[in-house]
Amino acid sequence: MNALIFIEGRLVGEMQLGVVQIHGQLFPPEGRAYFCPDCGDIWARIVVQDRPSRAVTIPCRRHHKHPYWPGGSIWLSWERELMAALPPQVLAREAKRHAEIYDELGGVL
Ligand SMILES: [Zn+2]
């Protein structure tokens with residue numbers, strides 16, 4: 001199924017998602033809605049047409065505070081298949097965002 005990726009109000013890419021195996025059963029893919037716990041914004045979304053979205057609590061860029069909870073990043077390390085499907089331009093954006101966070105910390109993690 002086709003999925004659209006929106007970050008900070010802009011369409012940044014699209015990708016194809018297959019069925020997902022959960023506890024031995026196959027399910028159609030679902031979207032993700034990235035919720036900022038500080039301001040309440042849904043600042044990014046992965047939209048799968050005609051499918052519901054799961055909320056993911058990750059701070060927006062403005063409310064980034066902790067290097068291990070990177071605000072403004074859509075990377076979900078526990079969602080291997082979903083992250084593997086991200087298109088190159090979104091992966092490049094992720095690399096840039098993580099480099100910004102690293103620089104904000106003065107190059108120290
Ligand atoms: Zn926020």
# chains A, B, ... in the order shown; residues from 1 in each chain; ligands from 1
>>> residues_around(residues="Cys36 of chain A", least_positions_apart="4", cutoff="12 Å", atoms="only C-alpha atoms", output="PyMOL selection string")
chain A and resi 8+40-45+55-65+69-74
>>> residues_around(residues="Glu30 of chain A", least_positions_apart="2", cutoff="8 Å", atoms="only C-alpha atoms", output="number ranges by chain")
A: 28, 32, 47-48, 51-54
>>> write_last_selection(atoms="N, CA and C atoms", output="short mmCIF file (atom, residue, chain, number, x, y, z; two decimals), in the first residue's frame")
data_model
loop_
_atom_site.label_atom_id
_atom_site.label_comp_id
_atom_site.auth_asym_id
_atom_site.auth_seq_id
_atom_site.Cartn_x
_atom_site.Cartn_y
_atom_site.Cartn_z
N PRO A 28 -2.89 -5.38 7.40
CA PRO A 28 -2.50 -4.30 6.50
C PRO A 28 -1.73 -3.23 7.29
N ARG A 32 1.25 6.44 11.02
CA ARG A 32 1.79 6.91 12.30
C ARG A 32 1.51 8.40 12.41
N VAL A 47 0.96 8.55 6.38
CA VAL A 47 -0.45 8.35 6.09
C VAL A 47 -0.61 7.19 5.12
N VAL A 48 -1.33 6.16 5.54
CA VAL A 48 -1.68 5.04 4.67
C VAL A 48 -3.16 5.19 4.36
N ARG A 51 -6.52 3.71 6.09
CA ARG A 51 -6.08 2.94 7.24
C ARG A 51 -5.91 3.88 8.44
N PRO A 52 -6.12 3.38 9.65
CA PRO A 52 -5.93 4.21 10.83
C PRO A 52 -4.45 4.48 11.10
N SER A 53 -4.20 5.43 11.97
CA SER A 53 -2.83 5.75 12.37
C SER A 53 -2.65 5.48 13.86
N ARG A 54 -1.48 5.02 14.19
CA ARG A 54 -1.09 4.87 15.60
C ARG A 54 -0.39 6.15 16.03
#
>>> atom_distance(atom1="atom CA of Glu14 of chain A", atom2="atom CA of Ile46 of chain A")
8.7 Å
>>> atom_distance(atom1="atom CA of Ala3 of chain A", atom2="atom CA of Gly31 of chain A")
7.7 Å
>>> select_by_dssp(residues="chain A", states="strand (DSSP E)", output="JSON, numbers by chain")
{"A": [2, 3, 4, 5, 6, 7, 10, 11, 12, 13, 14, 15, 16, 20, 21, 22, 25, 26, 27, 31, 32, 33, 34, 35, 42, 43, 44, 45, 46, 47, 48, 53, 54, 55, 56, 57]}
>>> closest_residue(among="A:Pro88, A:Phe27, A:Tyr34, A:Ala99", to="Ile7 of chain A", atoms="only C-alpha atoms")
A:Tyr34
>>> closest_residue(among="A:Cys39, A:Leu11, A:Ala33, A:His23", to="ligand 1", atoms="only C-alpha atoms and all ligand atoms")
A:Cys39
>>> residues_around(residues="Val12 of chain A", least_positions_apart="6", cutoff="8 Å", atoms="only C-alpha atoms", output="PyMOL selection string")
chain A and resi 4-6+89-90
>>> write_last_selection(atoms="N, CA and C atoms", output="tab-separated table (two decimals), in the first residue's frame")
chain	number	residue	atom	x	y	z
A	4	LEU	N	2.15	8.13	2.40
A	4	LEU	CA	2.71	9.46	2.24
A	4	LEU	C	3.33	9.90	3.56
A	5	ILE	N	4.45	10.61	3.45
A	5	ILE	CA	5.17	11.06	4.65
A	5	ILE	C	5.12	12.58	4.70
A	6	PHE	N	4.53	13.11	5.76
A	6	PHE	CA	4.44	14.55	5.98
A	6	PHE	C	5.26	14.89	7.22
A	89	GLN	N	15.24	10.48	0.30
A	89	GLN	CA	15.20	11.89	0.72
A	89	GLN	C	14.78	12.03	2.18
A	90	VAL	N	13.98	11.11	2.67
A	90	VAL	CA	13.59	11.16	4.08
A	90	VAL	C	14.75	10.67	4.96
>>> select_by_dssp(residues="segment 29-96 of chain A", states="helix (DSSP H, G or I)", output="PyMOL selection string")
chain A and resi 61-63+80-84+88-96
>>> closest_residue(among="A:Val20, A:Met15, A:Leu26, A:Leu105", to="Leu91 of chain A", atoms="only C-alpha atoms")
A:Met15
>>> closest_residue(among="A:Asp50, A:Asp103, A:Asp38, A:Glu81", to="ligand 1", atoms="only C-alpha atoms and all ligand atoms")
A:Asp38
>>> atom_distance(atom1="atom CA of His98 of chain A", atom2="atom CA of Tyr68 of chain A")
10.5 Å
>>> closest_residue(among="A:Pro37, A:Trp78, A:Glu104, A:Arg93", to="ligand 1", atoms="only C-alpha atoms and all ligand atoms")
A:Pro37
>>> closest_residue(among="A:Met1, A:Ala85, A:Ile22, A:Leu17", to="Gln49 of chain A", atoms="only C-alpha atoms")
A:Met1
